[in-house]
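Okay, final-v3.cif now, which holds mmCIF, C-alpha atoms:
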data_query
loop_
_atom_site.label_atom_id
_atom_site.label_comp_id
_atom_site.auth_asym_id
_atom_site.auth_seq_id
_atom_site.Cartn_x
_atom_site.Cartn_y
_atom_site.Cartn_z
CA MET U 965 8.11 -102.66 -138.67
CA ASN U 966 7.35 -105.06 -135.79
CA GLN U 967 7.02 -108.81 -136.20
CA ILE U 968 4.10 -109.55 -138.53
CA ASP U 969 1.94 -112.51 -137.65
CA PHE U 970 -0.19 -112.41 -140.81
CA LEU U 971 0.87 -110.96 -144.18
CA ALA U 972 -1.84 -110.95 -146.83
CA ILE U 973 -0.60 -110.75 -150.42
CA GLY U 974 -2.85 -109.73 -153.29
CA ASP U 975 -4.77 -106.96 -154.98
CA THR U 976 -6.87 -104.45 -153.09
CA VAL U 977 -9.88 -102.76 -154.65
CA ILE U 978 -12.77 -100.40 -154.16
CA ASP U 979 -16.17 -102.11 -154.26
CA ASP U 980 -19.17 -100.14 -155.50
CA PHE U 981 -22.35 -101.95 -154.41
CA ILE U 982 -25.24 -101.14 -156.73
CA ARG U 983 -28.50 -102.44 -155.29
CA LEU U 984 -30.94 -103.60 -157.99
CA ASN U 985 -34.58 -104.60 -157.71
CA ASP U 986 -35.84 -104.54 -161.29
CA VAL U 987 -34.01 -107.67 -162.52
CA ALA U 988 -34.98 -111.22 -163.36
CA ILE U 989 -33.12 -114.26 -162.00
CA LYS U 990 -33.24 -117.34 -164.22
CA CYS U 991 -31.89 -120.66 -163.00
CA ASP U 992 -31.13 -123.88 -164.85
CA ALA U 993 -33.36 -126.63 -163.46
CA HIS U 994 -30.60 -129.19 -164.08
CA SER U 995 -27.77 -127.36 -162.32
CA ASP U 996 -27.04 -124.74 -159.69
CA GLN U 997 -26.26 -122.09 -162.33
CA CYS U 998 -28.38 -118.92 -162.30
CA GLU U 999 -28.25 -115.74 -164.38
CA MET U 1000 -29.11 -112.15 -163.56
CA CYS U 1001 -31.05 -110.77 -166.54
CA LEU U 1002 -31.35 -107.08 -167.44
CA GLU U 1003 -33.27 -105.54 -170.31
CA TRP U 1004 -30.95 -105.14 -173.30
CA GLY U 1005 -30.77 -101.47 -174.30
CA GLY U 1006 -32.98 -100.42 -171.40
CA LYS U 1007 -32.54 -98.00 -168.52
CA ILE U 1008 -32.43 -100.01 -165.32
CA PRO U 1009 -33.31 -98.20 -162.09
CA TYR U 1010 -31.19 -98.93 -159.04
CA GLU U 1011 -32.12 -98.43 -155.42
CA SER U 1012 -28.80 -97.26 -153.97
CA ASN U 1013 -25.04 -97.53 -154.22
CA THR U 1014 -22.47 -97.96 -151.46
CA VAL U 1015 -18.75 -97.48 -152.05
CA ILE U 1016 -16.30 -99.38 -149.82
CA ALA U 1017 -12.54 -98.89 -150.12
CA GLY U 1018 -9.72 -101.25 -149.20
CA THR U 1019 -11.43 -104.52 -150.02
CA GLY U 1020 -10.48 -107.55 -152.13
CA ASN U 1021 -9.66 -111.11 -151.04
CA ALA U 1022 -6.27 -110.35 -149.51
CA ALA U 1023 -7.34 -107.05 -147.94
CA ASN U 1024 -10.41 -108.71 -146.43
CA ALA U 1025 -8.18 -111.40 -144.95
CA ALA U 1026 -5.81 -108.81 -143.48
CA VAL U 1027 -8.71 -106.97 -141.81
CA CYS U 1028 -10.11 -110.24 -140.46
CA ALA U 1029 -6.76 -111.19 -138.93
CA ALA U 1030 -6.40 -107.74 -137.36
CA ARG U 1031 -9.90 -107.91 -135.86
CA LEU U 1032 -9.05 -111.32 -134.39
CA GLY U 1033 -5.97 -109.92 -132.69
CA LEU U 1034 -3.00 -110.67 -134.94
CA SER U 1035 -0.44 -108.13 -136.12
CA SER U 1036 -1.58 -107.93 -139.73
CA ALA U 1037 -0.18 -106.35 -142.89
CA LEU U 1038 -1.05 -106.20 -146.59
CA CYS U 1039 1.42 -106.47 -149.47
CA SER U 1040 -0.33 -104.96 -152.48
CA VAL U 1041 -0.20 -102.32 -155.21
CA VAL U 1042 -2.51 -99.36 -155.77
CA GLY U 1043 -2.43 -96.49 -158.19
CA ASP U 1044 -1.03 -93.10 -157.30
CA ASP U 1045 -4.56 -91.73 -157.29
CA LEU U 1046 -7.36 -90.73 -154.90
CA ARG U 1047 -8.73 -94.26 -154.90
CA GLY U 1048 -5.37 -95.61 -153.78
CA THR U 1049 -5.30 -93.10 -150.93
CA GLN U 1050 -8.81 -94.14 -149.92
CA CYS U 1051 -7.79 -97.82 -149.82
CA ILE U 1052 -4.72 -97.14 -147.69
CA GLU U 1053 -6.67 -94.91 -145.29
CA ALA U 1054 -9.43 -97.51 -144.90
CA LEU U 1055 -6.96 -100.30 -144.14
CA THR U 1056 -4.95 -98.13 -141.75
CA GLY U 1057 -8.20 -97.45 -139.91
CA GLU U 1058 -8.59 -101.21 -139.50
CA GLN U 1059 -5.15 -101.48 -137.82
CA VAL U 1060 -3.64 -103.15 -140.89
CA ASP U 1061 0.01 -102.27 -141.57
CA THR U 1062 0.02 -100.64 -145.03
CA SER U 1063 3.77 -99.97 -145.32
CA LEU U 1064 4.09 -102.78 -147.89
CA ILE U 1065 1.45 -101.31 -150.20
CA HIS U 1066 3.27 -99.88 -153.22
CA ARG U 1067 1.85 -96.82 -155.01
CA GLN U 1068 2.44 -97.11 -158.75
CA SER U 1069 2.09 -94.18 -161.12
CA GLY U 1070 0.42 -94.60 -164.48
CA VAL U 1071 -2.17 -97.16 -163.32
CA GLN U 1072 -5.54 -96.85 -161.65
CA THR U 1073 -6.50 -98.47 -158.37
CA ASN U 1074 -8.81 -101.40 -158.99
CA TYR U 1075 -12.53 -100.56 -158.93
CA HIS U 1076 -15.24 -103.24 -158.95
CA TYR U 1077 -18.97 -102.89 -159.55
CA VAL U 1078 -21.09 -105.20 -157.41
CA LEU U 1079 -24.55 -105.80 -158.90
CA TRP U 1080 -26.49 -106.64 -155.76
CA HIS U 1081 -29.95 -108.24 -155.81
CA GLU U 1082 -31.56 -109.62 -152.66
CA ALA U 1083 -28.74 -111.35 -150.72
CA ASN U 1084 -26.66 -112.32 -153.77
CA ARG U 1085 -24.48 -110.43 -156.21
CA THR U 1086 -22.57 -110.53 -159.47
CA ILE U 1087 -19.29 -108.60 -159.51
CA LEU U 1088 -17.82 -106.79 -162.50
CA VAL U 1089 -14.09 -107.00 -161.84
CA HIS U 1090 -11.07 -105.19 -163.24
CA HIS U 1091 -7.46 -105.73 -162.18
CA ASP U 1092 -4.98 -103.27 -163.65
CA ALA U 1093 -1.50 -104.40 -164.72
CA PHE U 1094 0.67 -103.80 -161.67
CA ALA U 1095 4.39 -104.16 -161.02
CA TYR U 1096 4.26 -106.40 -157.97
CA ASN U 1097 6.92 -106.27 -155.27
CA VAL U 1098 8.03 -109.35 -153.35
CA PRO U 1099 7.81 -108.84 -149.58
CA THR U 1100 11.02 -108.01 -147.73
CA VAL U 1101 9.69 -109.12 -144.33
CA LYS U 1102 9.40 -112.53 -142.66
CA PRO U 1103 5.86 -113.01 -141.32
CA LYS U 1104 4.79 -116.08 -139.39
CA TRP U 1105 2.05 -116.68 -141.97
CA ALA U 1106 1.61 -115.47 -145.55
CA TYR U 1107 -1.87 -115.49 -147.08
CA LEU U 1108 -1.84 -115.38 -150.89
CA SER U 1109 -4.96 -114.61 -152.88
CA SER U 1110 -6.31 -112.84 -155.96
CA VAL U 1111 -3.94 -110.89 -158.23
CA ALA U 1112 -4.05 -109.74 -161.86
CA LYS U 1113 -3.93 -111.96 -164.93
CA ASP U 1114 -0.36 -110.98 -165.88
CA SER U 1115 1.08 -111.88 -162.47
CA LEU U 1116 2.52 -115.36 -163.13
CA PRO U 1117 6.16 -114.13 -162.92
CA PHE U 1118 5.33 -112.63 -159.52
CA HIS U 1119 4.40 -116.11 -158.28
CA HIS U 1120 7.82 -117.39 -159.30
CA GLU U 1121 9.43 -114.58 -157.30
CA LEU U 1122 7.21 -115.40 -154.32
CA LEU U 1123 8.33 -119.00 -154.47
CA LYS U 1124 11.96 -117.87 -154.26
CA TRP U 1125 11.09 -115.72 -151.22
CA LEU U 1126 9.28 -118.65 -149.59
CA SER U 1127 12.16 -120.99 -150.38
CA ASP U 1128 14.58 -118.56 -148.73
CA ASN U 1129 12.29 -118.39 -145.68
CA PRO U 1130 11.08 -121.95 -145.05
CA GLU U 1131 9.72 -121.04 -141.62
CA ILE U 1132 6.92 -118.96 -143.21
CA LYS U 1133 3.66 -120.90 -143.41
CA LEU U 1134 1.59 -120.26 -146.55
CA ALA U 1135 -2.19 -120.17 -146.89
CA PHE U 1136 -3.42 -120.03 -150.48
CA GLN U 1137 -6.90 -118.92 -151.53
CA PRO U 1138 -6.63 -118.87 -155.34
CA GLY U 1139 -8.44 -116.09 -157.16
CA THR U 1140 -9.95 -116.12 -160.65
CA PHE U 1141 -6.73 -115.60 -162.61
CA GLN U 1142 -4.71 -117.93 -160.39
CA ILE U 1143 -7.21 -120.68 -161.16
CA GLN U 1144 -6.98 -119.84 -164.86
CA PHE U 1145 -3.19 -120.23 -164.77
CA GLY U 1146 -3.78 -123.97 -164.37
CA ILE U 1147 -2.37 -126.60 -162.05
CA GLU U 1148 1.03 -126.97 -163.69
CA ALA U 1149 1.81 -123.25 -163.61
CA LEU U 1150 1.16 -123.03 -159.86
CA ARG U 1151 1.89 -126.60 -158.76
CA ALA U 1152 4.81 -125.41 -156.65
CA ILE U 1153 2.57 -122.88 -154.88
CA TYR U 1154 0.03 -125.59 -154.04
CA GLY U 1155 2.86 -127.84 -152.91
CA ARG U 1156 4.36 -125.14 -150.65
CA SER U 1157 1.02 -124.39 -148.99
CA GLU U 1158 0.20 -125.28 -145.43
CA ILE U 1159 -3.47 -124.94 -146.34
CA VAL U 1160 -5.50 -124.25 -149.50
CA PHE U 1161 -9.03 -122.82 -149.56
CA CYS U 1162 -11.62 -122.80 -152.36
CA ASN U 1163 -15.29 -123.50 -152.94
CA LYS U 1164 -16.54 -126.64 -154.65
CA GLU U 1165 -16.99 -124.99 -158.05
CA GLU U 1166 -13.49 -123.50 -157.91
CA ALA U 1167 -12.04 -126.89 -156.98
CA GLU U 1168 -13.70 -128.41 -160.04
CA HIS U 1169 -12.14 -125.73 -162.25
CA ILE U 1170 -8.73 -126.20 -160.64
CA LEU U 1171 -8.85 -129.97 -161.12
CA GLY U 1172 -10.50 -129.86 -164.55
CA ILE U 1173 -13.38 -132.13 -163.50
CA ASP U 1174 -17.16 -131.87 -163.81
CA ASN U 1175 -19.61 -131.63 -160.96
CA THR U 1176 -20.25 -135.38 -160.77
CA ASP U 1177 -17.29 -135.95 -158.45
CA ASP U 1178 -18.25 -136.21 -154.79
CA ILE U 1179 -16.62 -134.04 -152.17
CA LYS U 1180 -14.45 -136.89 -150.88
CA ASN U 1181 -12.74 -137.32 -154.24
CA ILE U 1182 -12.38 -133.56 -154.62
CA LEU U 1183 -10.63 -133.27 -151.25
CA GLN U 1184 -8.27 -136.13 -152.07
CA LYS U 1185 -7.44 -134.73 -155.50
CA MET U 1186 -6.82 -131.25 -154.11
CA LYS U 1187 -4.51 -132.64 -151.42
CA ALA U 1188 -2.65 -134.61 -154.10
CA LEU U 1189 -1.51 -131.22 -155.46
CA GLY U 1190 0.73 -130.97 -152.40
CA PRO U 1191 -0.83 -128.83 -149.65
CA LYS U 1192 -0.87 -130.22 -146.12
CA LYS U 1193 -4.51 -129.27 -145.56
CA VAL U 1194 -7.44 -128.36 -147.82
CA VAL U 1195 -10.77 -126.72 -147.04
CA VAL U 1196 -13.57 -126.78 -149.64
CA THR U 1197 -16.81 -124.90 -149.01
CA ASP U 1198 -20.11 -126.04 -150.48
CA ASP U 1199 -22.64 -123.26 -149.92
CA VAL U 1200 -25.46 -124.31 -147.54
CA HIS U 1201 -23.83 -127.71 -147.04
CA GLY U 1202 -21.01 -126.13 -145.04
CA ALA U 1203 -17.30 -126.80 -145.39
CA TYR U 1204 -15.29 -129.98 -145.86
CA ALA U 1205 -11.64 -130.43 -144.96
CA ILE U 1206 -8.81 -132.89 -145.25
CA ASP U 1207 -5.97 -132.72 -142.73
CA ASP U 1208 -2.27 -133.55 -142.74
CA ASN U 1209 -2.96 -137.25 -142.19
CA GLY U 1210 -5.66 -137.55 -144.86
CA ALA U 1211 -8.59 -137.61 -142.43
CA MET U 1212 -11.67 -135.77 -143.72
CA TRP U 1213 -13.99 -133.55 -141.74
CA HIS U 1214 -17.24 -131.62 -142.13
CA VAL U 1215 -18.28 -128.44 -140.37
CA PRO U 1216 -21.83 -127.12 -140.95
CA ILE U 1217 -22.74 -123.52 -141.61
CA TYR U 1218 -23.37 -121.59 -138.42
CA ASN U 1219 -27.13 -121.09 -138.20
CA ASP U 1220 -27.70 -117.55 -137.05
CA ILE U 1221 -31.11 -116.11 -136.24
CA LYS U 1222 -30.53 -113.15 -138.52
CA PRO U 1223 -30.99 -113.92 -142.26
CA PRO U 1224 -28.25 -112.97 -144.75
CA PHE U 1225 -28.39 -109.41 -146.04
CA GLU U 1226 -25.50 -109.48 -148.55
CA ARG U 1227 -23.08 -112.39 -149.02
CA THR U 1228 -19.92 -110.74 -150.36
CA GLY U 1229 -16.80 -111.84 -148.48
CA ALA U 1230 -18.23 -114.84 -146.64
CA GLY U 1231 -15.60 -117.11 -148.21
CA ASP U 1232 -12.81 -114.69 -147.35
CA ALA U 1233 -14.02 -114.51 -143.75
CA LEU U 1234 -14.12 -118.29 -143.42
CA SER U 1235 -10.67 -118.84 -144.94
CA SER U 1236 -8.89 -116.06 -143.06
CA SER U 1237 -10.56 -116.92 -139.73
CA ILE U 1238 -9.36 -120.52 -139.99
CA THR U 1239 -5.87 -119.32 -140.93
CA THR U 1240 -5.84 -116.86 -138.05
CA ALA U 1241 -6.84 -119.59 -135.60
CA LEU U 1242 -3.96 -121.74 -136.85
CA ALA U 1243 -1.59 -118.78 -136.51
CA LEU U 1244 -2.76 -118.44 -132.90
CA GLY U 1245 -1.77 -122.05 -132.30
CA LYS U 1246 -5.26 -123.54 -132.33
CA PRO U 1247 -5.60 -127.18 -133.43
CA PHE U 1248 -7.08 -127.67 -136.90
CA ALA U 1249 -10.31 -129.11 -135.49
CA GLU U 1250 -10.94 -125.96 -133.47
CA ALA U 1251 -9.80 -123.65 -136.26
CA LEU U 1252 -12.41 -125.15 -138.60
CA LEU U 1253 -15.15 -124.02 -136.21
CA TRP U 1254 -13.95 -120.41 -136.31
CA GLY U 1255 -14.53 -119.97 -140.04
CA PRO U 1256 -18.31 -120.37 -140.46
CA ILE U 1257 -19.05 -118.05 -137.54
CA ASN U 1258 -17.24 -115.07 -139.07
CA ALA U 1259 -18.60 -116.03 -142.50
CA ILE U 1260 -22.21 -115.76 -141.35
CA LYS U 1261 -21.53 -112.51 -139.46
CA VAL U 1262 -20.19 -110.92 -142.66
CA THR U 1263 -23.47 -111.66 -144.46
CA HIS U 1264 -25.35 -109.42 -142.03
CA GLU U 1265 -23.74 -106.25 -143.42
CA ILE U 1266 -22.87 -104.68 -146.78
CA GLY U 1267 -19.42 -105.68 -147.96
CA ALA U 1268 -16.78 -108.12 -146.85
CA GLN U 1269 -15.44 -106.41 -143.73
CA LYS U 1270 -18.06 -104.57 -141.69
CA GLY U 1271 -19.49 -107.72 -140.11
CA LEU U 1272 -16.14 -109.23 -139.09
CA ILE U 1273 -16.03 -109.80 -135.34
CA SER U 1274 -13.36 -109.74 -132.64
CA ARG U 1275 -11.67 -112.78 -131.15
CA GLU U 1276 -13.48 -112.17 -127.85
CA GLU U 1277 -16.87 -112.16 -129.56
CA LEU U 1278 -16.06 -115.21 -131.69
CA GLU U 1279 -14.87 -117.25 -128.72
CA LYS U 1280 -17.98 -116.26 -126.77
CA ILE U 1281 -20.18 -117.49 -129.62
CA LEU U 1282 -18.28 -120.80 -129.63
CA THR U 1283 -19.08 -121.35 -125.96
CA THR U 1284 -22.80 -120.78 -126.55
CA ALA U 1285 -23.14 -122.44 -129.97
CA PRO U 1286 -25.91 -125.00 -130.41
CA GLU U 1287 -25.01 -128.65 -129.94
CA SER U 1288 -25.54 -129.23 -133.67
CA TYR U 1289 -22.64 -126.92 -134.48
CA LYS U 1290 -19.79 -129.39 -134.28
CA LEU U 1291 -17.09 -131.00 -136.35
CA THR U 1292 -17.82 -134.48 -137.63
CA LYS U 1293 -15.63 -137.01 -139.39
CA TYR U 1294 -16.49 -137.36 -143.09
CA GLU U 1295 -16.17 -140.90 -144.42
#

Written as C-alpha cells, that's how I'd like the structure from this file.
Amino acid sequence: MNQIDFLAIGDTVIDDFIRLNDVAIKCDAHSDQCEMCLEWGGKIPYESNTVIAGTGNAANAAVCAARLGLSSALCSVVGDDLRGTQCIEALTGEQVDTSLIHRQSGVQTNYHYVLWHEANRTILVHHDAFAYNVPTVKPKWAYLSSVAKDSLPFHHELLKWLSDNPEIKLAFQPGTFQIQFGIEALRAIYGRSEIVFCNKEEAEHILGIDNTDDIKNILQKMKALGPKKVVVTDDVHGAYAIDDNGAMWHVPIYNDIKPPFERTGAGDALSSSITTALALGKPFAEALLWGPINAIKVTHEIGAQKGLISREELEKILTTAPESYKLTKYE
C-alpha cells in the first residue's frame, strides 16, 4: 500500500432511495421540526427506487477525497455477502483503496432505506454489530465518522493508535451513535481532533443545550471540548467556523442556478471537502470555501457521491464565483 493521504474510518452501507409522492409533511409552527406522515395500515405507492452501494458518511468522505485528488482509503467492515461485494466494487471504481475493508462472516452488510420526498428525505438506518479493526497504516489525515452503537471500545483502540502516531491529523464528523455516547465517553476523541464537523442540531445534542443558544456560543462550547477547529452548518444560513486562535467565521451556501434535487450527503461533501483542502495544504480560510461548493453539487443528483466534483472543476468554480460568495468574520 502506498502512502495514504486520507483514511476514512466508519461504516459503509447500501442506500435504497424510495421516491414517495403520496405523503403529507407536517411542520411545527414554533420550531423547524417537520414530520413525514403516511397512512397507518395503508398501502403507499412509490414512484421509483434507486439502490446505491458503498455509501455512508465515511465512504462518502473517501470518495470525495479521491475525486479531489488525494490518495484515499476506507477502513470499514462489511458482511461476507453480495452486498459487501457490491460496496467494495463501487468504492474500488471510485479509486478508493479498499484493502482495509474487513469482510466479516455471520453479519449482513448495512442496508438503509431512504424515504425520499421532493428534495428531502428520512432515512431508516441499521448498523449491524461488527468487529472493528484498528488501522495498521499511518495516513496523513484520518477522518472518523458514523459507526455502530456497540463501537465504544473501538474508539478507545483508535485513541491508542492515534497516540502512537501523533503526526496523524484527525477530522471527526460524529454520527448518530457517537453523539449518543455523550461528551465524556468521547472527550478524548474531540480533544485529539484537528477539526470537528456537525450541524447546528447535532451540536445542540452533543452539548446538551436547547436551540436558544446562538451560533457564537455553540462554536465556543464545541471548541472547549478540545478540537483545534470546529465547523457547524446551519442549513440555508451556511456554515460557521472557529479557528485555532478562537476567531469565528461565516461562509454562505453556494448559490447555484440549479435547484436541489435530493439533499443526501451534502454535509458529508462539505466536511470532507474542507478536510481535503487542509490535507492539500490550503489555509483554513480557503478550505472553508471548498465545502459549500461540493455540498451544493451533491444535491443535484441522487445519493451522496454522484455529484461530487474534481479538484479542477472546484477550483474553476472558485475563480468564477459571485462576489457575494466570500468568507466573513463572525462577531

Would you mind listing what lies within 9 Å of range 990-1007 of chain U as a VMD selection string, with all atoms listed in the file counted and same-chain residues fewer than 5 positions away left out? chain U and resid 1081 1085 to 1086

Produce the centre coordinates and the three edge lengths, each in Å to one decimal, of the box along x, y and z that contains all listed atoms of range 1024-1032 of chain U with 8 Å added on each side, as AutoDock Vina command-line options.
--center_x -8.1 --center_y -109.2 --center_z -140.4 --size_x 20.6 --size_y 20.4 --size_z 28.0

Determine the residue set returned by the PyMOL selection byres ((chain U and resi 1231-1235) around 10) for the present structure, and present it as a short mmCIF file (atom, residue, chain, number, x, y, z; two decimals) with C-alpha atoms, in the frame of the given file.
data_model
loop_
_atom_site.label_atom_id
_atom_site.label_comp_id
_atom_site.auth_asym_id
_atom_site.auth_seq_id
_atom_site.Cartn_x
_atom_site.Cartn_y
_atom_site.Cartn_z
CA GLY U 1020 -10.48 -107.55 -152.13
CA ASN U 1021 -9.66 -111.11 -151.04
CA ALA U 1022 -6.27 -110.35 -149.51
CA ALA U 1023 -7.34 -107.05 -147.94
CA ASN U 1024 -10.41 -108.71 -146.43
CA ALA U 1025 -8.18 -111.40 -144.95
CA ALA U 1026 -5.81 -108.81 -143.48
CA VAL U 1027 -8.71 -106.97 -141.81
CA CYS U 1028 -10.11 -110.24 -140.46
CA ALA U 1029 -6.76 -111.19 -138.93
CA TYR U 1107 -1.87 -115.49 -147.08
CA SER U 1109 -4.96 -114.61 -152.88
CA ALA U 1135 -2.19 -120.17 -146.89
CA PHE U 1136 -3.42 -120.03 -150.48
CA GLN U 1137 -6.90 -118.92 -151.53
CA ILE U 1159 -3.47 -124.94 -146.34
CA VAL U 1160 -5.50 -124.25 -149.50
CA PHE U 1161 -9.03 -122.82 -149.56
CA CYS U 1162 -11.62 -122.80 -152.36
CA ASN U 1163 -15.29 -123.50 -152.94
CA VAL U 1195 -10.77 -126.72 -147.04
CA VAL U 1196 -13.57 -126.78 -149.64
CA THR U 1197 -16.81 -124.90 -149.01
CA ASP U 1199 -22.64 -123.26 -149.92
CA ALA U 1203 -17.30 -126.80 -145.39
CA ARG U 1227 -23.08 -112.39 -149.02
CA THR U 1228 -19.92 -110.74 -150.36
CA GLY U 1229 -16.80 -111.84 -148.48
CA ALA U 1230 -18.23 -114.84 -146.64
CA SER U 1236 -8.89 -116.06 -143.06
CA SER U 1237 -10.56 -116.92 -139.73
CA ILE U 1238 -9.36 -120.52 -139.99
CA THR U 1239 -5.87 -119.32 -140.93
CA THR U 1240 -5.84 -116.86 -138.05
CA ALA U 1251 -9.80 -123.65 -136.26
CA LEU U 1252 -12.41 -125.15 -138.60
CA LEU U 1253 -15.15 -124.02 -136.21
CA TRP U 1254 -13.95 -120.41 -136.31
CA GLY U 1255 -14.53 -119.97 -140.04
CA PRO U 1256 -18.31 -120.37 -140.46
CA ILE U 1257 -19.05 -118.05 -137.54
CA ASN U 1258 -17.24 -115.07 -139.07
CA ALA U 1259 -18.60 -116.03 -142.50
CA ILE U 1260 -22.21 -115.76 -141.35
CA LYS U 1261 -21.53 -112.51 -139.46
CA VAL U 1262 -20.19 -110.92 -142.66
CA THR U 1263 -23.47 -111.66 -144.46
CA ALA U 1268 -16.78 -108.12 -146.85
CA GLN U 1269 -15.44 -106.41 -143.73
CA GLY U 1271 -19.49 -107.72 -140.11
CA LEU U 1272 -16.14 -109.23 -139.09
CA ILE U 1273 -16.03 -109.80 -135.34
#

List the residues sitting within 12 Å of (-24.0, -121.4, -130.2) in the file's frame, using only C-alpha atoms, as a ChimeraX atom specification. /U:1217-1221,1253-1254,1256-1257,1277-1290

So how far away is CA of Ala1106 in chain U from CA of Val1089 in chain U, in Å? 24.2 Å

Report the residues retrieved by the PyMOL selection byres ((chain U and resi 1113) around 9) from the displayed file, expressed as a ChimeraX atom specification. /U:1091-1093,1111-1112,1114-1116,1140-1142,1144-1145

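Distance annotation: of U:Asp975, U:Glu1226, U:Glu1165, U:Asp1044, the residue with the minimal separation from Asn1084 in chain U is U:Glu1226; atom set is only C-alpha atoms.
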
Show me, as a PyMOL selection string, the residues that have an atom within 12 Å of Arg1156 in chain U when counting all atoms listed in the file, minus same-chain residues fewer than 6 positions from it. chain U and resi 1106+1108+1119+1122-1127+1129-1136+1150+1187+1189-1193

Give me the result of the PyMOL selection byres ((chain U and resi 1077) around 7) on this file, residue by residue, as a PyMOL selection string. chain U and resi 979-981+1075-1076+1078-1079+1087-1089

To one decimal place in Å, what is the distance between CA of Trp1080 in chain U and CA of Gln1050 in chain U? 22.4 Å

Please provide as a ChimeraX atom specification all residues within 7 Å of Glu1011 in chain U, with the sequence filter that same-chain residues fewer than 2 positions apart are discarded (counting all atoms listed in the file). /U:983-984,1009
